[in-house]
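A.B. asks: Coordinates in entry23.pdb, PDB, C-alpha atoms, are listed below.
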```pdb
ATOM      1  CA  MET N   6     119.696  96.678 142.790
ATOM      2  CA  VAL N   7     116.403  97.544 144.523
ATOM      3  CA  ASP N   8     114.936  95.078 147.062
ATOM      4  CA  LEU N   9     111.170  94.781 146.671
ATOM      5  CA  ASP N  10     109.156  95.618 149.783
ATOM      6  CA  PRO N  11     105.873  93.800 150.598
ATOM      7  CA  GLU N  12     103.760  96.505 148.910
ATOM      8  CA  GLN N  13     105.864  96.269 145.764
ATOM      9  CA  LEU N  14     105.679  92.477 145.776
ATOM     10  CA  ASP N  15     101.891  92.932 145.769
ATOM     11  CA  ARG N  16     101.765  95.728 143.177
ATOM     12  CA  TYR N  17     104.044  93.924 140.734
ATOM     13  CA  SER N  18     102.953  90.380 141.585
ATOM     14  CA  ARG N  19     101.887  89.609 137.971
ATOM     15  CA  HIS N  20     105.389  90.510 136.854
ATOM     16  CA  VAL N  21     107.182  88.854 139.738
ATOM     17  CA  ILE N  22     105.394  85.554 139.133
ATOM     18  CA  MET N  23     106.684  85.416 135.546
ATOM     19  CA  ASP N  24     109.900  83.455 135.116
ATOM     20  CA  ASP N  25     110.937  85.987 132.449
ATOM     21  CA  VAL N  26     110.640  88.900 134.898
ATOM     22  CA  GLY N  27     110.759  87.717 138.495
ATOM     23  CA  PRO N  28     111.906  89.849 141.443
ATOM     24  CA  SER N  29     115.206  90.673 139.763
ATOM     25  CA  GLY N  30     113.507  91.821 136.542
ATOM     26  CA  GLN N  31     111.095  94.002 138.488
ATOM     27  CA  ALA N  32     113.978  95.419 140.481
ATOM     28  CA  ALA N  33     115.689  96.264 137.179
ATOM     29  CA  LEU N  34     112.597  98.186 136.064
ATOM     30  CA  LEU N  35     112.499 100.082 139.369
ATOM     31  CA  ASP N  36     116.161 100.891 138.896
ATOM     32  CA  ALA N  37     115.658 102.234 135.349
ATOM     33  CA  SER N  38     115.211 105.794 134.109
ATOM     34  CA  VAL N  39     113.469 106.857 130.888
ATOM     35  CA  LEU N  40     113.110 110.272 129.262
ATOM     36  CA  VAL N  41     109.869 110.618 127.303
ATOM     37  CA  VAL N  42     110.003 113.404 124.725
ATOM     38  CA  GLY N  43     106.421 114.466 124.117
ATOM     39  CA  ALA N  44     103.406 113.986 126.393
ATOM     40  CA  GLY N  45     100.840 113.811 123.602
ATOM     41  CA  GLY N  46      99.335 110.947 121.636
ATOM     42  CA  LEU N  47     102.269 108.548 121.864
ATOM     43  CA  GLY N  48     103.604 109.867 125.146
ATOM     44  CA  SER N  49     100.301 109.190 126.895
ATOM     45  CA  PRO N  50     100.233 105.377 126.633
ATOM     46  CA  VAL N  51     104.015 105.213 126.966
ATOM     47  CA  LEU N  52     103.933 107.089 130.273
ATOM     48  CA  GLN N  53     100.896 105.189 131.542
ATOM     49  CA  TYR N  54     102.399 101.760 130.972
ATOM     50  CA  LEU N  55     105.934 102.649 132.021
ATOM     51  CA  ALA N  56     104.581 104.156 135.231
ATOM     52  CA  ALA N  57     102.382 101.130 135.871
ATOM     53  CA  ALA N  58     105.326  98.811 135.183
ATOM     54  CA  GLY N  59     107.351 100.612 137.824
ATOM     55  CA  ILE N  60     110.064 102.307 135.786
ATOM     56  CA  GLY N  61     111.724 104.051 138.691
ATOM     57  CA  ARG N  62     112.288 107.484 137.176
ATOM     58  CA  LEU N  63     110.418 109.083 134.301
ATOM     59  CA  GLY N  64     111.418 112.378 132.710
ATOM     60  CA  ILE N  65     108.763 114.181 130.662
ATOM     61  CA  VAL N  66     109.715 116.881 128.147
ATOM     62  CA  ASP N  67     106.947 118.965 126.582
ATOM     63  CA  ASP N  68     106.339 122.677 126.203
ATOM     64  CA  ASP N  69     102.703 122.456 125.074
ATOM     65  CA  ALA N  70      99.472 123.102 126.926
ATOM     66  CA  VAL N  71      96.505 120.745 126.700
ATOM     67  CA  GLU N  72      93.967 121.622 124.009
ATOM     68  CA  ARG N  73      90.470 120.180 123.754
ATOM     69  CA  SER N  74      91.322 118.705 120.332
ATOM     70  CA  ASN N  75      94.055 116.623 122.040
ATOM     71  CA  LEU N  76      91.593 114.683 124.176
ATOM     72  CA  GLN N  77      90.408 112.383 121.355
ATOM     73  CA  ARG N  78      93.729 110.491 121.692
ATOM     74  CA  GLN N  79      95.943 111.965 124.428
ATOM     75  CA  VAL N  80      94.512 109.870 127.227
ATOM     76  CA  LEU N  81      96.757 111.230 129.984
ATOM     77  CA  HIS N  82      94.873 114.512 129.977
ATOM     78  CA  THR N  83      91.280 115.295 130.910
ATOM     79  CA  ASP N  84      88.778 117.997 130.094
ATOM     80  CA  ASP N  85      89.717 119.830 133.281
ATOM     81  CA  ASP N  86      93.332 119.988 132.087
ATOM     82  CA  VAL N  87      92.578 122.111 129.012
ATOM     83  CA  GLY N  88      94.941 125.079 129.109
ATOM     84  CA  ARG N  89      97.332 123.492 131.622
ATOM     85  CA  PRO N  90     100.889 122.469 130.753
ATOM     86  CA  LYS N  91     100.936 118.869 129.527
ATOM     87  CA  VAL N  92     103.859 118.058 131.802
ATOM     88  CA  ASP N  93     101.708 119.001 134.805
ATOM     89  CA  SER N  94      98.760 116.752 133.996
ATOM     90  CA  ALA N  95     101.107 113.969 132.875
ATOM     91  CA  SER N  96     103.133 114.209 136.089
ATOM     92  CA  GLU N  97      99.991 114.137 138.218
ATOM     93  CA  PHE N  98      98.711 111.068 136.390
ATOM     94  CA  VAL N  99     101.946 109.191 136.989
ATOM     95  CA  ALA N 100     102.141 110.234 140.649
ATOM     96  CA  ASP N 101      98.539 109.118 141.235
ATOM     97  CA  LEU N 102      99.099 105.790 139.488
ATOM     98  CA  ASN N 103     102.328 104.706 141.109
ATOM     99  CA  PRO N 104     104.114 106.320 144.072
ATOM    100  CA  ASP N 105     107.205 104.235 143.287
ATOM    101  CA  VAL N 106     107.919 106.413 140.270
ATOM    102  CA  THR N 107     109.891 109.641 140.510
ATOM    103  CA  VAL N 108     108.788 112.149 137.879
ATOM    104  CA  ASP N 109     111.014 114.866 136.444
ATOM    105  CA  ALA N 110     108.882 117.372 134.537
ATOM    106  CA  TYR N 111     110.578 119.623 131.984
ATOM    107  CA  GLU N 112     108.230 122.249 130.612
ATOM    108  CA  THR N 113     110.469 123.068 127.711
ATOM    109  CA  ARG N 114     111.124 122.134 124.129
ATOM    110  CA  LEU N 115     114.061 119.811 123.525
ATOM    111  CA  THR N 116     116.696 121.965 121.854
ATOM    112  CA  ARG N 117     120.246 121.462 120.725
ATOM    113  CA  ASP N 118     121.299 123.516 123.765
ATOM    114  CA  ASN N 119     119.580 121.339 126.387
ATOM    115  CA  ALA N 120     119.426 117.932 124.662
ATOM    116  CA  ASP N 121     122.789 116.564 125.770
ATOM    117  CA  GLU N 122     122.277 117.490 129.413
ATOM    118  CA  LEU N 123     118.727 116.110 129.554
ATOM    119  CA  ILE N 124     119.542 112.862 127.790
ATOM    120  CA  ALA N 125     122.678 112.207 129.821
ATOM    121  CA  ASP N 126     120.551 111.768 132.930
ATOM    122  CA  TYR N 127     118.539 108.791 131.592
ATOM    123  CA  ASP N 128     119.129 105.190 130.547
ATOM    124  CA  LEU N 129     116.797 105.324 127.523
ATOM    125  CA  VAL N 130     114.824 107.920 125.556
ATOM    126  CA  VAL N 131     111.349 107.529 124.043
ATOM    127  CA  ASP N 132     110.751 109.671 120.970
ATOM    128  CA  ALA N 133     107.064 110.519 121.207
ATOM    129  CA  SER N 134     107.474 113.892 119.505
ATOM    130  CA  ASP N 135     105.374 115.364 116.717
ATOM    131  CA  ASN N 136     107.886 117.162 114.511
ATOM    132  CA  PHE N 137     110.942 116.327 112.451
ATOM    133  CA  GLY N 138     113.251 118.808 114.143
ATOM    134  CA  THR N 139     112.844 117.070 117.486
ATOM    135  CA  ARG N 140     113.019 113.612 115.923
ATOM    136  CA  TYR N 141     116.375 114.319 114.258
ATOM    137  CA  LEU N 142     117.681 116.020 117.384
ATOM    138  CA  VAL N 143     116.710 113.055 119.574
ATOM    139  CA  ASN N 144     118.350 110.691 117.121
ATOM    140  CA  ASP N 145     121.576 112.623 116.798
ATOM    141  CA  ALA N 146     122.029 113.366 120.495
ATOM    142  CA  CYS N 147     121.204 109.811 121.552
ATOM    143  CA  THR N 148     123.356 108.187 118.869
ATOM    144  CA  LEU N 149     126.330 110.359 119.824
ATOM    145  CA  ALA N 150     125.770 109.487 123.488
ATOM    146  CA  GLY N 151     125.135 105.790 122.805
ATOM    147  CA  THR N 152     121.705 106.059 124.430
ATOM    148  CA  PRO N 153     118.972 103.717 123.153
ATOM    149  CA  VAL N 154     115.824 105.252 121.640
ATOM    150  CA  SER N 155     112.331 103.921 121.163
ATOM    151  CA  HIS N 156     110.953 105.613 118.055
ATOM    152  CA  GLY N 157     107.258 105.916 117.198
ATOM    153  CA  ALA N 158     105.364 107.999 114.639
ATOM    154  CA  ILE N 159     101.744 108.161 113.496
ATOM    155  CA  TYR N 160      99.775 109.451 110.511
ATOM    156  CA  ARG N 161      96.047 108.906 109.928
ATOM    157  CA  PHE N 162      95.777 105.068 110.030
ATOM    158  CA  GLU N 163      99.540 104.349 109.792
ATOM    159  CA  GLY N 164     102.013 103.893 112.596
ATOM    160  CA  GLN N 165     105.752 103.262 112.568
ATOM    161  CA  VAL N 166     107.782 101.938 115.467
ATOM    162  CA  THR N 167     111.343 100.763 115.973
ATOM    163  CA  THR N 168     114.130 100.703 118.522
ATOM    164  CA  PHE N 169     117.573 102.168 117.992
ATOM    165  CA  SER N 170     120.176 100.665 120.302
ATOM    166  CA  GLY N 171     122.450 103.711 120.249
ATOM    167  CA  GLU N 172     125.134 101.751 118.430
ATOM    168  CA  GLY N 173     123.565 101.972 114.962
ATOM    169  CA  PRO N 174     121.693 101.747 112.727
ATOM    170  CA  CYS N 175     119.975 105.025 113.573
ATOM    171  CA  TYR N 176     117.054 107.101 112.263
ATOM    172  CA  ARG N 177     119.327 108.861 109.766
ATOM    173  CA  CYS N 178     120.382 105.482 108.353
ATOM    174  CA  LEU N 179     116.781 105.141 107.232
ATOM    175  CA  PHE N 180     115.850 108.779 106.635
ATOM    176  CA  PRO N 181     119.035 110.839 106.049
ATOM    177  CA  SER N 182     117.191 114.177 106.142
ATOM    178  CA  ALA N 183     113.728 115.569 106.790
ATOM    179  CA  PRO N 184     111.315 116.470 103.999
ATOM    180  CA  PRO N 185     110.894 120.138 103.103
ATOM    181  CA  GLU N 186     108.747 122.132 105.520
ATOM    182  CA  GLY N 187     105.068 121.320 104.965
ATOM    183  CA  ALA N 188     105.661 118.397 102.573
ATOM    184  CA  VAL N 189     104.466 115.884 105.150
ATOM    185  CA  PRO N 190     101.210 116.864 106.837
ATOM    186  CA  ASP N 191     100.872 116.737 110.624
ATOM    187  CA  CYS N 192      97.984 115.259 112.596
ATOM    188  CA  ALA N 193      96.307 118.669 112.873
ATOM    189  CA  THR N 194      96.160 118.882 109.083
ATOM    190  CA  ALA N 195      95.625 115.270 108.026
ATOM    191  CA  GLY N 196      93.956 113.853 111.120
ATOM    192  CA  VAL N 197      94.779 110.690 113.015
ATOM    193  CA  LEU N 198      92.686 107.800 114.230
ATOM    194  CA  GLY N 199      92.349 108.416 117.960
ATOM    195  CA  VAL N 200      93.270 104.907 119.044
ATOM    196  CA  LEU N 201      96.328 104.662 116.756
ATOM    197  CA  PRO N 202      98.810 106.321 119.142
ATOM    198  CA  GLY N 203      97.548 103.929 121.801
ATOM    199  CA  THR N 204      98.609 100.974 119.670
ATOM    200  CA  ILE N 205     101.974 102.410 118.655
ATOM    201  CA  GLY N 206     102.695 103.826 122.103
ATOM    202  CA  CYS N 207     102.029 100.399 123.614
ATOM    203  CA  PHE N 208     104.504  98.882 121.169
ATOM    204  CA  GLN N 209     107.036 101.452 122.362
ATOM    205  CA  ALA N 210     106.339 100.767 126.037
ATOM    206  CA  THR N 211     106.677  97.041 125.356
ATOM    207  CA  GLU N 212     110.069  97.596 123.770
ATOM    208  CA  VAL N 213     111.227  99.724 126.701
ATOM    209  CA  VAL N 214     110.182  97.185 129.318
ATOM    210  CA  LYS N 215     111.815  94.355 127.348
ATOM    211  CA  TRP N 216     114.976  96.424 127.013
ATOM    212  CA  PHE N 217     115.411  96.679 130.768
ATOM    213  CA  LEU N 218     114.459  93.043 131.273
ATOM    214  CA  ASP N 219     116.905  92.032 128.534
ATOM    215  CA  GLU N 220     114.134  89.773 127.283
ATOM    216  CA  GLY N 221     113.008  88.708 123.816
ATOM    217  CA  GLU N 222     113.793  90.199 120.414
ATOM    218  CA  SER N 223     113.970  93.967 120.098
ATOM    219  CA  LEU N 224     112.983  95.983 117.028
ATOM    220  CA  ASP N 225     116.599  97.103 116.670
ATOM    221  CA  GLY N 226     117.348  96.862 112.938
ATOM    222  CA  ARG N 227     113.737  96.629 111.776
ATOM    223  CA  LEU N 228     110.906  99.102 111.354
ATOM    224  CA  LEU N 229     107.407  97.881 112.103
ATOM    225  CA  VAL N 230     104.775  99.616 109.943
ATOM    226  CA  TYR N 231     101.219  99.134 111.184
ATOM    227  CA  ASP N 232      98.139  99.813 109.078
ATOM    228  CA  ALA N 233      95.132 100.149 111.357
ATOM    229  CA  SER N 234      92.776 100.266 108.394
ATOM    230  CA  GLU N 235      93.823  96.874 107.016
ATOM    231  CA  MET N 236      94.916  95.501 110.401
ATOM    232  CA  SER N 237      98.219  94.538 108.828
ATOM    233  CA  VAL N 238     101.845  94.867 109.844
ATOM    234  CA  ASP N 239     104.841  95.166 107.526
ATOM    235  CA  GLU N 240     108.423  94.837 108.652
ATOM    236  CA  VAL N 241     111.278  96.710 106.990
ATOM    237  CA  PRO N 242     114.895  95.782 107.707
ATOM    238  CA  ILE N 243     117.077  98.771 108.598
ATOM    239  CA  ALA N 244     120.703  98.211 107.708
ATOM    240  CA  PRO N 245     123.538 100.276 109.159
ATOM    241  CA  ASN N 246     124.270 102.870 106.485
ATOM    242  CA  PRO N 247     128.029 103.359 105.969
ATOM    243  CA  ASP N 248     127.247 106.834 104.571
ATOM    244  CA  CYS N 249     125.210 107.850 107.643
ATOM    245  CA  PRO N 250     126.476 111.255 108.807
ATOM    246  CA  VAL N 251     126.001 110.302 112.471
ATOM    247  CA  CYS N 252     126.839 106.600 112.854
ATOM    248  CA  GLY N 253     128.472 105.802 109.487
ATOM    249  CA  SER N 254     132.101 105.069 108.752
ATOM    250  CA  GLU N 255     132.957 108.755 108.356
ATOM    251  CA  PRO N 256     130.581 110.665 110.634
ATOM    252  CA  VAL N 257     130.392 114.434 110.177
ATOM    253  CA  LEU N 258     128.656 115.239 113.465
ATOM    254  CA  SER N 259     130.427 115.361 116.798
ATOM    255  CA  SER N 260     127.911 117.495 118.728
ATOM    256  CA  VAL N 261     124.275 118.475 118.158
ATOM    257  CA  THR N 262     125.251 122.074 118.896
ATOM    258  CA  GLU N 263     126.961 122.085 115.483
ATOM    259  CA  ALA N 264     123.781 121.166 113.606
ATOM    260  CA  ALA N 265     120.548 122.895 112.610
ATOM    261  CA  TYR N 266     117.245 121.245 113.476
ATOM    262  CA  ASP N 267     114.897 123.277 111.354
ATOM    263  CA  GLY N 268     114.006 122.855 107.701
ATOM    264  CA  ARG N 269     115.403 119.601 106.360
ATOM    265  CA  CYS N 270     117.699 118.930 109.356
ATOM    266  CA  SER N 271     120.385 118.097 106.822
ATOM    267  CA  LEU N 272     123.826 117.851 108.326
ATOM    268  CA  SER N 273     125.509 118.716 105.043
ATOM    269  CA  GLU N 274     123.392 121.896 104.771
ATOM    270  CA  SER N 275     124.208 122.909 108.316
ATOM    271  CA  ALA N 276     127.863 122.349 107.628
ATOM    272  CA  ASP N 277     127.584 124.710 104.704
ATOM    273  CA  ASP N 278     125.736 127.383 106.670
TER     274      ASP N 278
ATOM    275  CA  MET O  21     113.958  96.017  83.121
ATOM    276  CA  ARG O  22     111.032  95.508  85.470
ATOM    277  CA  VAL O  23     111.418  96.632  89.057
ATOM    278  CA  THR O  24     109.183  95.625  91.929
ATOM    279  CA  VAL O  25     108.320  98.751  93.904
ATOM    280  CA  GLU O  26     106.973  97.800  97.316
ATOM    281  CA  ILE O  27     105.374 100.744  99.073
ATOM    282  CA  VAL O  28     105.488  99.779 102.718
ATOM    283  CA  GLY O  29     102.003  99.972 104.171
ATOM    284  CA  GLY O  30     100.585 100.296 100.656
ATOM    285  CA  GLU O  31     100.493  98.579  97.313
ATOM    286  CA  THR O  32     103.253  96.838  95.363
ATOM    287  CA  ARG O  33     103.794  97.776  91.725
ATOM    288  CA  GLU O  34     105.829  96.447  88.837
ATOM    289  CA  VAL O  35     107.491  99.390  87.095
ATOM    290  CA  GLU O  36     109.234  99.247  83.737
ATOM    291  CA  VAL O  37     112.465 101.254  83.675
ATOM    292  CA  ALA O  38     114.707 102.182  80.779
ATOM    293  CA  VAL O  39     118.485 102.229  80.837
ATOM    294  CA  GLY O  40     119.597 105.360  82.647
ATOM    295  CA  ASP O  41     116.381 105.826  84.595
ATOM    296  CA  SER O  42     117.005 106.834  88.184
ATOM    297  CA  TYR O  43     115.379 105.697  91.398
ATOM    298  CA  VAL O  44     113.128 108.747  91.500
ATOM    299  CA  ASP O  45     111.543 107.555  88.239
ATOM    300  CA  LEU O  46     110.212 104.535  90.130
ATOM    301  CA  LEU O  47     107.868 106.887  91.978
ATOM    302  CA  ALA O  48     106.364 108.335  88.787
ATOM    303  CA  PRO O  49     103.355 105.963  88.731
ATOM    304  CA  THR O  50     102.590 106.790  92.381
ATOM    305  CA  ASP O  51     101.423 109.944  94.095
ATOM    306  CA  LEU O  52     104.497 109.975  96.345
ATOM    307  CA  SER O  53     106.947 112.865  96.366
ATOM    308  CA  PRO O  54     110.604 111.823  96.553
ATOM    309  CA  HIS O  55     111.041 114.343  99.381
ATOM    310  CA  THR O  56     108.614 112.446 101.621
ATOM    311  CA  VAL O  57     109.980 108.911 101.302
ATOM    312  CA  SER O  58     113.117 106.822 101.485
ATOM    313  CA  ILE O  59     113.778 104.393  98.651
ATOM    314  CA  LEU O  60     115.521 101.391 100.182
ATOM    315  CA  VAL O  61     117.644  98.700  98.607
ATOM    316  CA  ASP O  62     118.541  95.965 101.086
ATOM    317  CA  GLY O  63     117.518  98.184 103.989
ATOM    318  CA  THR O  64     119.646 101.181 102.989
ATOM    319  CA  PRO O  65     118.450 104.388 101.277
ATOM    320  CA  VAL O  66     119.689 104.979  97.755
ATOM    321  CA  PRO O  67     120.216 108.455  96.289
ATOM    322  CA  GLU O  68     117.131 109.232  94.236
ATOM    323  CA  ASP O  69     119.192 110.566  91.317
ATOM    324  CA  GLN O  70     121.256 107.382  90.957
ATOM    325  CA  PRO O  71     120.524 104.973  88.081
ATOM    326  CA  VAL O  72     118.434 101.961  89.001
ATOM    327  CA  GLU O  73     120.576  98.883  89.578
ATOM    328  CA  THR O  74     118.180  96.508  91.284
ATOM    329  CA  ASP O  75     114.928  94.714  90.572
ATOM    330  CA  HIS O  76     113.338  95.363  93.962
ATOM    331  CA  VAL O  77     112.998  98.449  96.151
ATOM    332  CA  ARG O  78     111.027  99.277  99.246
ATOM    333  CA  VAL O  79     109.562 102.737  99.678
ATOM    334  CA  VAL O  80     109.019 103.974 103.241
ATOM    335  CA  ARG O  81     107.122 107.139 104.028
ATOM    336  CA  LEU O  82     108.467 109.697 106.491
ATOM    337  CA  VAL O  83     105.930 110.107 109.279
ATOM    338  CA  LYS O  84     106.187 112.846 111.887
ATOM    339  CA  GLY O  85     103.027 112.750 113.980
ATOM    340  CA  GLY O  86     103.096 111.800 117.614
TER     341      GLY O  86
END
```
I'd like the structure from this file rewritten - as structure tokens, please.
C.D. replies:
Amino acid sequence: MVDLDPEQLDRYSRHVIMDDVGPSGQAALLDASVLVVGAGGLGSPVLQYLAAAGIGRLGIVDDDAVERSNLQRQVLHTDDDVGRPKVDSASEFVADLNPDVTVDAYETRLTRDNADELIADYDLVVDASDNFGTRYLVNDACTLAGTPVSHGAIYRFEGQVTTFSGEGPCYRCLFPSAPPEGAVPDCATAGVLGVLPGTIGCFQATEVVKWFLDEGESLDGRLLVYDASEMSVDEVPIAPNPDCPVCGSEPVLSSVTEAAYDGRCSLSESADD
Amino acid sequence: MRVTVEIVGGETREVEVAVGDSYVDLLAPTDLSPHTVSILVDGTPVPEDQPVETDHVRVVRLVKGG
């Protein structure tokens, strides 16, 4: 466990003074490691607040470069960053904000060939991705490894957020396979309210911090659905699905290298291929 | 039989189903494609081609943006 030095006692004083956090809780955050998949709309607030909270090591996976159209919501990046790799501007932001945080930047896409190795090096994974292939890959690799995942997704005015503990239920318990290519529009096609990923990403960061503090009630087993237009929140219970191909009673997946993460990401289809 | 169809983040509808109707028929009055949602009974997805055996479902949209 990390001992807090005088500068850290000052930096984290509003945490340390809380009975629910205290020096030991802050030390647990400094001792933690989180892999954030995606440094875009959701990844921006997640990385900002996890860095500020003093999560000791943050991995950032993203193979995109900053575009001007990102800046309406991806608040890690600035106008001067247009054209630069997102992992570079994200890493610089974190380093400038908090020197306590070690940043591992991976300018790559998460693939079935690198997922296991990347995930194995972290205590928890944040799914801040923008495509179904990555979402199913994160779920499958983390569930097989028993690694907890904070899941967030956004569409126009709607946001979804939950936490998967790594012991089930998992994303496939709720959504067994992805929709056909193009059936669900992305933000580039349908648009997204700029502040929405801020709200959902902050929910995710809250869940991550609570996870390491072992404090409060997690979203494990329930999906929060937020409607920014109506300012309403619905909660959907997620039950462990005995037919889930990853965490069910008769799982069909033993390694993500066996599966295909394009199209519908269906494990039965990949088994037939 | 009347089934309450609760679209999470949207409206709730009462849908009349006939014997033998399947879960996908519950989406007919909506503009939702069965490929883009999960139909949940007690928190677990049901196969869309199975006959309806409940009076309440929740419909959750798949969302990919990030």
A.B. asks: Under the ChimeraX specification (/N :<12) & /O, which residues of this model are included? Write them out as a PDB file with C-alpha atoms, in the coordinates of the input.
C.D. replies:
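This is the output file part-v1.pdb:
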```pdb
ATOM      1  CA  GLU O  26     106.973  97.800  97.316  1.00  0.00           C
ATOM      2  CA  ILE O  27     105.374 100.744  99.073  1.00  0.00           C
ATOM      3  CA  VAL O  28     105.488  99.779 102.718  1.00  0.00           C
ATOM      4  CA  GLY O  29     102.003  99.972 104.171  1.00  0.00           C
ATOM      5  CA  GLY O  30     100.585 100.296 100.656  1.00  0.00           C
ATOM      6  CA  GLU O  31     100.493  98.579  97.313  1.00  0.00           C
ATOM      7  CA  LEU O  52     104.497 109.975  96.345  1.00  0.00           C
ATOM      8  CA  SER O  53     106.947 112.865  96.366  1.00  0.00           C
ATOM      9  CA  PRO O  54     110.604 111.823  96.553  1.00  0.00           C
ATOM     10  CA  HIS O  55     111.041 114.343  99.381  1.00  0.00           C
ATOM     11  CA  THR O  56     108.614 112.446 101.621  1.00  0.00           C
ATOM     12  CA  VAL O  57     109.980 108.911 101.302  1.00  0.00           C
ATOM     13  CA  SER O  58     113.117 106.822 101.485  1.00  0.00           C
ATOM     14  CA  ILE O  59     113.778 104.393  98.651  1.00  0.00           C
ATOM     15  CA  LEU O  60     115.521 101.391 100.182  1.00  0.00           C
ATOM     16  CA  VAL O  61     117.644  98.700  98.607  1.00  0.00           C
ATOM     17  CA  ASP O  62     118.541  95.965 101.086  1.00  0.00           C
ATOM     18  CA  GLY O  63     117.518  98.184 103.989  1.00  0.00           C
ATOM     19  CA  THR O  64     119.646 101.181 102.989  1.00  0.00           C
ATOM     20  CA  PRO O  65     118.450 104.388 101.277  1.00  0.00           C
ATOM     21  CA  VAL O  66     119.689 104.979  97.755  1.00  0.00           C
ATOM     22  CA  PRO O  67     120.216 108.455  96.289  1.00  0.00           C
ATOM     23  CA  VAL O  77     112.998  98.449  96.151  1.00  0.00           C
ATOM     24  CA  ARG O  78     111.027  99.277  99.246  1.00  0.00           C
ATOM     25  CA  VAL O  79     109.562 102.737  99.678  1.00  0.00           C
ATOM     26  CA  VAL O  80     109.019 103.974 103.241  1.00  0.00           C
ATOM     27  CA  ARG O  81     107.122 107.139 104.028  1.00  0.00           C
ATOM     28  CA  LEU O  82     108.467 109.697 106.491  1.00  0.00           C
ATOM     29  CA  VAL O  83     105.930 110.107 109.279  1.00  0.00           C
ATOM     30  CA  LYS O  84     106.187 112.846 111.887  1.00  0.00           C
ATOM     31  CA  GLY O  85     103.027 112.750 113.980  1.00  0.00           C
ATOM     32  CA  GLY O  86     103.096 111.800 117.614  1.00  0.00           C
TER      33      GLY O  86
END
```
A.B. asks: Between atom CA of N:Val200 and atom CA of N:Arg78, what is the distance, to one decimal in Å?
C.D. replies: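 Value for the atom CA of N:Val200-atom CA of N:Arg78 distance: 6.2 Å.
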A.B. asks: Just how far from atom CA of N:Leu272 is atom CA of N:Ser260, in Å to one decimal?
C.D. replies: 11.2 Å
A.B. asks: Can you tell me how far atom CA of N:Ala150 sits from atom CA of N:Pro250, in Å to one decimal?
C.D. replies: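 About the pair atom CA of N:Ala150 and atom CA of N:Pro250: they are 14.8 Å apart.
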A.B. asks: Measuring atom to atom with only C-alpha atoms, identify which of N:Gly59, N:Asp101, N:Ala265, N:Val42 is nearest to N:Ser18.
C.D. replies: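 Among the listed residues, the smallest separation from N:Ser18 belongs to N:Gly59.
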